[in-house]
Amino acid sequence: MVRSIARHVTGKRGRWAVIAAWLLVAAAVVPLQPRLQEIAADESDTFEARSAESTRVDELLDTRFPESGWSTSVIVYQAENVMEHTGEITRQMEELCATETLPDLVGVGSSGGITCGDLGHPLGPETPPSSISDDQTTGMVTVINGKDDTASVERDVAAIREIATGPDGEGGLRSWVTGPAAFDADRSEALKGIDGTLLSITMALVVVLLLAIYRSPLVAATPLVVVGAAYLIASAVVLGLVEAGVLTVSGQATAILIVLMYGAGTDYCLLLVARYREELRARGEAAPAMRAALERTAPTILAAGGIVIAAMLVLVVADFRATAEMGPILAIGVATMVAAGLTFLPALLVALGRRAFWPRVPAAGSAPARRSAWERVGELVRSRPRLVALASAGLLALGALGSLEGRETLDFTEIFRDPPESVRGQEVIREKFPPGRVAPLDVVVRSGAAADEVLAALRADDRIAEANASSQTDDQQLISLEASLNVDPFSEEAREQIPGIRELVKEAGGGDDSAVLVGGITAEAYDTNRALASDARLIVPLTLLVVLAILVALLRCVIAPLYAVATVVLSFAFALGASSLVFTHVFGQPGSDPNLATFAFIFLVALGVDYNVFLLGRVREHHRSGMATPDAVVAGLARTGGVITSAGLILAGTFAALMAVELESLFQVGFTVALGVLVDTFLVRTLLVPALAVWLGDRSWWPRRPAPGA
């Protein structure tokens with residue numbers, strides 16, 4: 001099959017047909033990009049566990065209650081004495097009620113209840129805010145709008161901020177627009193342009209590194225064209241599946257899709273280009289050289305891509321939606337990239353001919369570039385394999401100890417690197433009002449008779465500051481209650497109270513677990529942590545088994561795949577531990593994104609094993625050609641040292657591009673994966689794996705243990 005593909009993509013007519021097909025399809029789907037970004041910006045249901053009780057509460061509130069689909073913003077006013085500014089606050093409330101830029105306005109909450117809208121009543125001449133702090137410095141006004149889709153929320157929050165005084169204030173009165181709607185609007189704003197930013201940074205990094213590696217403009221540009229076309233087509237496929245209802249997509253998923261495709265895709269391109277350059281020196285002509293290079297590298301690229309695809313698809317089993325939706329999207333991206341790397345790239349290079357490497361065109365019969373540095377590393381490994389292996393493993397284990405320090409989970413107000421207005425407003429509320437009022441628990445009760453008992457139990461509990469009935473469904477089968485905690489609802493202490501509160505309300509509701517459900521932001525955080533821990537227990541062993549099975553099939557042995565996987569897991573542990581120390585003591589980020597460990601594990605294991613595939617595949621090739629295992633290791637390290645190091649730098653650079661994003665979660669994923677890739681590149685693949693291969697000798701190929709030349 002590979003030989004047939006190689007003949008077709010390098011043929012005189014076939015190459016042009018392949019190039020035309022990829023370019024035409026990529027050009028045709030360019031207009032679809034804005035639509036995908038628009039859909040991805042809505043992450044309202046992304047960070048939830050599918051089976052969680054809090055998710056069920058959200059679904060009931062969204063579908064069964066009259067206020068389903070409403071969005072709530074809170075204007076926080078602050079002054080030396082906010083009551084002295086009730087005239088100005090009233091004027092702003094009147095403007096909110098009258099403005100045409102809030103077409104779906106339900107009402108504005110004041111001290112008299114809901115004003116204006118279908119539920120409202122007229123404002124008085126000086127109507128104070130609905131809540132005033134004890135020191136009279138802070139007041140709150142609630143604005144309810146009738147739509148909660150992303151576009152409407154962004155429009156409504158922008159209109160409210162235009163009318164409100166603003167954080168800079170006028171006449172001594174300042175304001176911040178916060179609340180659930182403002183959080184969604186600010187997160188959406190942080191995601192706007194994220195793909196363009198990442199594309200620009202990633203492409204610039206790739207160009208600089210490729211120029212430094214090959215010093216040829218055409219060879220540097222070719223992978224960008226190939227990966228760019230593959231990305232456009234993969235994005236169009238994702239969009240089609242999303243609009244068909246097969247997949248969901250978020251801004252986080254599209255951001256990681258970019259860095260993964262450009263990072264891993266460029267790596268696959270580098271592997272083929274490096275082998276093609278070798279074959280050009282041996283054969284002279286472009287088409288025969290490419291056919292030979294493709295036949296040699298295609299199995300390795302297919303195996304490497306297959307490992308990443310399989311690892312991504314394992315994520316589908318996750319209960320946490322942000323994890324589960326990522327799997328098929330990234331798998332589509334990598335599969336498209338592998339297809340482009342095995343067809344579009346070789347066709348382009350053959351069409352360009354030897355001049356692709358201008359001004360450093362490899363001459364037929366010329367000696368390859370010296371690899372003395374890699375040969376010296378290989379000789380060190382061969383002379384002292386045990387010392388090198390133990391020292392490398394010890395260093396990785398030492399870094400992994402950083403995870404023992406422990407870190408809290410990022411709370412809702414810490415997800416932005418530069419806190420927007422919504423976060424600053426919530427901090428004011430947290431300082432001036434009972435802490436639980438920032439994010440009350442939502443309690444849904446199935447029967448009206450039990451609701452009174454549940455409400456009484458909540459009011460009598462020391463953990464609850466206040467509890468009130470909120471709403472009722474049209475069929476009167478469900479009643480919603482709101483309960484404010486006595487502690488900061490974003491804290492670890494608050495999350496630890498959720499199981500006890502659930503037990504309390506279920507007992508008050510008659511003991512039926514389905515009769516009373518507890519949700520809200522604090523409950524979602526508790527359920528998320530449980531779901532992520534459960535997902536990890538399932539995803540980690542499944543991923544390791546899948547990766548190991550593919551390596552065994554590729555290398556046709558057991559021992560080498562075992563230490564190839566084990567060393568990558570060790571480098572993951574190092575990256576997680578070392579990054580934890582850096583986040584806490586250098587960046588001042590004591591909180592950790594709950595997705596970090598799972599995402600870092602998947603990316604580092606899948607991508608790190610790729611480098612071991614590149615190395616061990618070449619070692620096995622040399623061994624089968626007649627070399628003893630130690631010699632094959634030195635030769636394989638010398639041949640792959642430059643290309644794998646280049647690939648590692650590019651992959652680390654593309655993931656590091658995530659650090660330019662304003663969301664803390666993507667910053668942490670980018671830093672950790674970039675660090676792990678660098679460790680894989682310069683320590684695991686360069687020293688640890690070769691040392692283990694030399695130490696074990698022919699036992700690496702057990703159970704076959706073929707003799708050299710077999």
# chains A, B, ... in the order shown; residues from 1 in each chain; ligands from 1
>>> residues_around(residues="Tyr563 in chain A", least_positions_apart="2", cutoff="9 Å", atoms="only C-alpha atoms", output="ChimeraX atom specification")
/A:559-561,565-568,689,692-693,700
>>> residues_around(residues="Leu687 in chain A", least_positions_apart="4", cutoff="8 Å", atoms="only C-alpha atoms", output="PyMOL selection string")
chain A and resi 377+381+388-389+392+682-683+691
>>> write_last_selection(atoms="C-alpha atoms", output="PDB file, in the first residue's frame")
ATOM      1  CA  VAL A 377      26.575  11.292  22.914  1.00  0.00           C
ATOM      2  CA  VAL A 381      25.813   6.077  26.277  1.00  0.00           C
ATOM      3  CA  VAL A 388      23.557   7.277  32.215  1.00  0.00           C
ATOM      4  CA  ALA A 389      20.257   5.441  32.645  1.00  0.00           C
ATOM      5  CA  SER A 392      18.683  10.306  33.951  1.00  0.00           C
ATOM      6  CA  PHE A 682      17.016  16.350  25.364  1.00  0.00           C
ATOM      7  CA  LEU A 683      16.992  13.791  28.176  1.00  0.00           C
ATOM      8  CA  ALA A 691      21.170   3.896  27.564  1.00  0.00           C
TER       9      ALA A 691
END
>>> select_by_dssp(residues="range 397-476 of chain A", states="strand (DSSP E)", output="MDAnalysis selection string")
chainID A and resid 408:409 441:445 464:472
>>> select_by_dssp(residues="range 169-224 of chain A", states="alpha helix (DSSP H)", output="MDAnalysis selection string")
chainID A and resid 180:191 194:214 217:224
>>> residues_around(residues="range 419-428 of chain A", least_positions_apart="2", cutoff="8 Å", atoms="only C-alpha atoms", output="list in words")
Val76, Pro167, Ser175, Trp176, Val177, Thr178, Gly179, Ala182, Phe183, Asp186, Thr413, Glu414, Phe416, Arg417, Arg430, Glu431, Lys432 and Val438 of chain A
>>> closest_residue(among="A:Glu662, A:Gln472, A:Ala373, A:Asn529", to="Gly641 in chain A", atoms="only C-alpha atoms")
A:Ala373
>>> closest_residue(among="A:Leu260, A:Ile144, A:Leu637, A:Ala606", to="Val74 in chain A", atoms="only C-alpha atoms")
A:Ile144
>>> closest_residue(among="A:Ala264, A:Ala533, A:Ala40, A:Leu554", to="Glu325 in chain A", atoms="only C-alpha atoms")
A:Ala40
>>> atom_distance(atom1="CA of Val540 in chain A", atom2="CA of Met326 in chain A")
15.7 Å
>>> residues_around(residues="Glu496 in chain A", least_positions_apart="3", cutoff="10 Å", atoms="only C-alpha atoms", output="JSON, numbers by chain")
{"A": [491, 492, 493, 499, 500, 501, 522, 523, 526]}
>>> write_last_selection(atoms="N, CA and C atoms", output="CSV table (one decimal), in the first residue's frame")
chain,number,residue,atom,x,y,z
A,491,SER,N,-14.1,28.4,47.5
A,491,SER,CA,-13.0,27.8,48.3
A,491,SER,C,-13.1,26.3,48.4
A,492,GLU,N,-12.0,25.7,48.8
A,492,GLU,CA,-12.0,24.3,49.0
A,492,GLU,C,-12.9,23.9,50.2
A,493,GLU,N,-13.0,24.8,51.2
A,493,GLU,CA,-13.9,24.5,52.3
A,493,GLU,C,-15.3,24.4,51.9
A,499,PRO,N,-21.1,17.4,49.9
A,499,PRO,CA,-21.7,16.1,50.3
A,499,PRO,C,-22.6,16.2,51.5
A,500,GLY,N,-22.2,16.9,52.5
A,500,GLY,CA,-23.0,17.0,53.7
A,500,GLY,C,-24.3,17.7,53.4
A,501,ILE,N,-24.3,18.8,52.7
A,501,ILE,CA,-25.5,19.6,52.3
A,501,ILE,C,-26.5,18.7,51.5
A,522,THR,N,-20.5,26.1,43.2
A,522,THR,CA,-19.8,25.3,44.2
A,522,THR,C,-20.0,23.8,44.0
A,523,ALA,N,-21.2,23.4,43.8
A,523,ALA,CA,-21.5,22.0,43.6
A,523,ALA,C,-20.9,21.5,42.2
A,526,TYR,N,-17.2,20.8,42.9
A,526,TYR,CA,-17.1,19.5,43.6
A,526,TYR,C,-17.3,18.4,42.7
>>> residues_around(residues="Trp358 in chain A", least_positions_apart="6", cutoff="10 Å", atoms="only C-alpha atoms", output="list in words")
Tyr214, Arg215, Ser216, Pro217, Leu218 and Val219 of chain A
>>> residues_around(residues="Val619 in chain A", least_positions_apart="4", cutoff="12 Å", atoms="only C-alpha atoms", output="VMD selection string")
chain A and resid 378 555 560 612 to 615 623 to 641 689 to 690 693 to 694 697 to 698 700 to 701 708
>>> closest_residue(among="A:Val2, A:Ile201, A:Ala234, A:Leu658", to="Ile301 in chain A", atoms="only C-alpha atoms")
A:Val2
>>> closest_residue(among="A:Ala159, A:Ile539, A:Ala310, A:Ala508", to="Thr101 in chain A", atoms="only C-alpha atoms")
A:Ala159
>>> residues_around(residues="Thr254 in chain A", least_positions_apart="2", cutoff="12 Å", atoms="only C-alpha atoms", output="MDAnalysis selection string")
chainID A and resid 33:34 36:41 43 191:196 198:199 231:232 234:236 238:239 248:252 256:261 322 325:330 332:333 658 666
>>> write_last_selection(atoms="C-alpha atoms", output="compact mmCIF listing (two decimals), in the first residue's frame")
# COMPACT_ATOMS: atom_id res chain seq x y z
CA GLN A 33 -13.51 29.30 9.75
CA PRO A 34 -15.48 32.22 11.28
CA LEU A 36 -16.47 27.42 13.72
CA GLN A 37 -14.98 30.13 15.95
CA GLU A 38 -18.45 31.56 16.60
CA ILE A 39 -19.77 28.19 17.75
CA ALA A 40 -16.64 27.42 19.77
CA ALA A 41 -16.95 30.68 21.71
CA GLU A 43 -18.56 27.24 26.42
CA LEU A 191 -11.39 33.64 23.47
CA LYS A 192 -12.04 36.04 20.59
CA GLY A 193 -9.15 36.10 18.22
CA ILE A 194 -7.43 33.31 20.14
CA ASP A 195 -7.11 31.14 17.04
CA GLY A 196 -5.67 33.99 14.98
CA LEU A 198 -2.11 31.21 18.11
CA LEU A 199 -1.82 30.77 14.34
CA TYR A 231 -5.77 22.44 9.45
CA LEU A 232 -8.36 24.18 7.25
CA ALA A 234 -9.80 19.31 9.55
CA SER A 235 -11.59 22.39 10.92
CA ALA A 236 -14.22 22.08 8.17
CA VAL A 238 -15.16 19.32 12.72
CA LEU A 239 -17.64 22.08 11.84
CA THR A 248 -19.57 19.68 20.42
CA VAL A 249 -16.70 22.16 20.27
CA SER A 250 -15.26 24.86 22.54
CA GLY A 251 -12.66 27.59 22.23
CA GLN A 252 -10.30 25.48 24.31
CA ILE A 256 -5.33 23.06 21.23
CA LEU A 257 -6.21 21.75 17.76
CA ILE A 258 -4.05 24.49 16.25
CA VAL A 259 -0.97 23.84 18.36
CA LEU A 260 -1.27 20.07 18.09
CA MET A 261 -1.60 20.07 14.30
CA ALA A 322 -14.31 19.40 28.22
CA GLU A 325 -15.18 16.61 23.39
CA MET A 326 -11.46 17.18 22.90
CA GLY A 327 -10.77 13.58 21.87
CA PRO A 328 -12.50 13.22 18.48
CA ILE A 329 -11.66 16.79 17.44
CA LEU A 330 -7.92 16.30 17.98
CA ILE A 332 -9.60 14.29 13.27
CA GLY A 333 -6.85 16.90 13.16
CA LEU A 658 -0.64 28.75 24.53
CA LEU A 666 -4.41 27.10 28.58
>>> closest_residue(among="A:Leu211, A:Val643, A:Leu551, A:Val454", to="Gly510 in chain A", atoms="only C-alpha atoms")
A:Val454
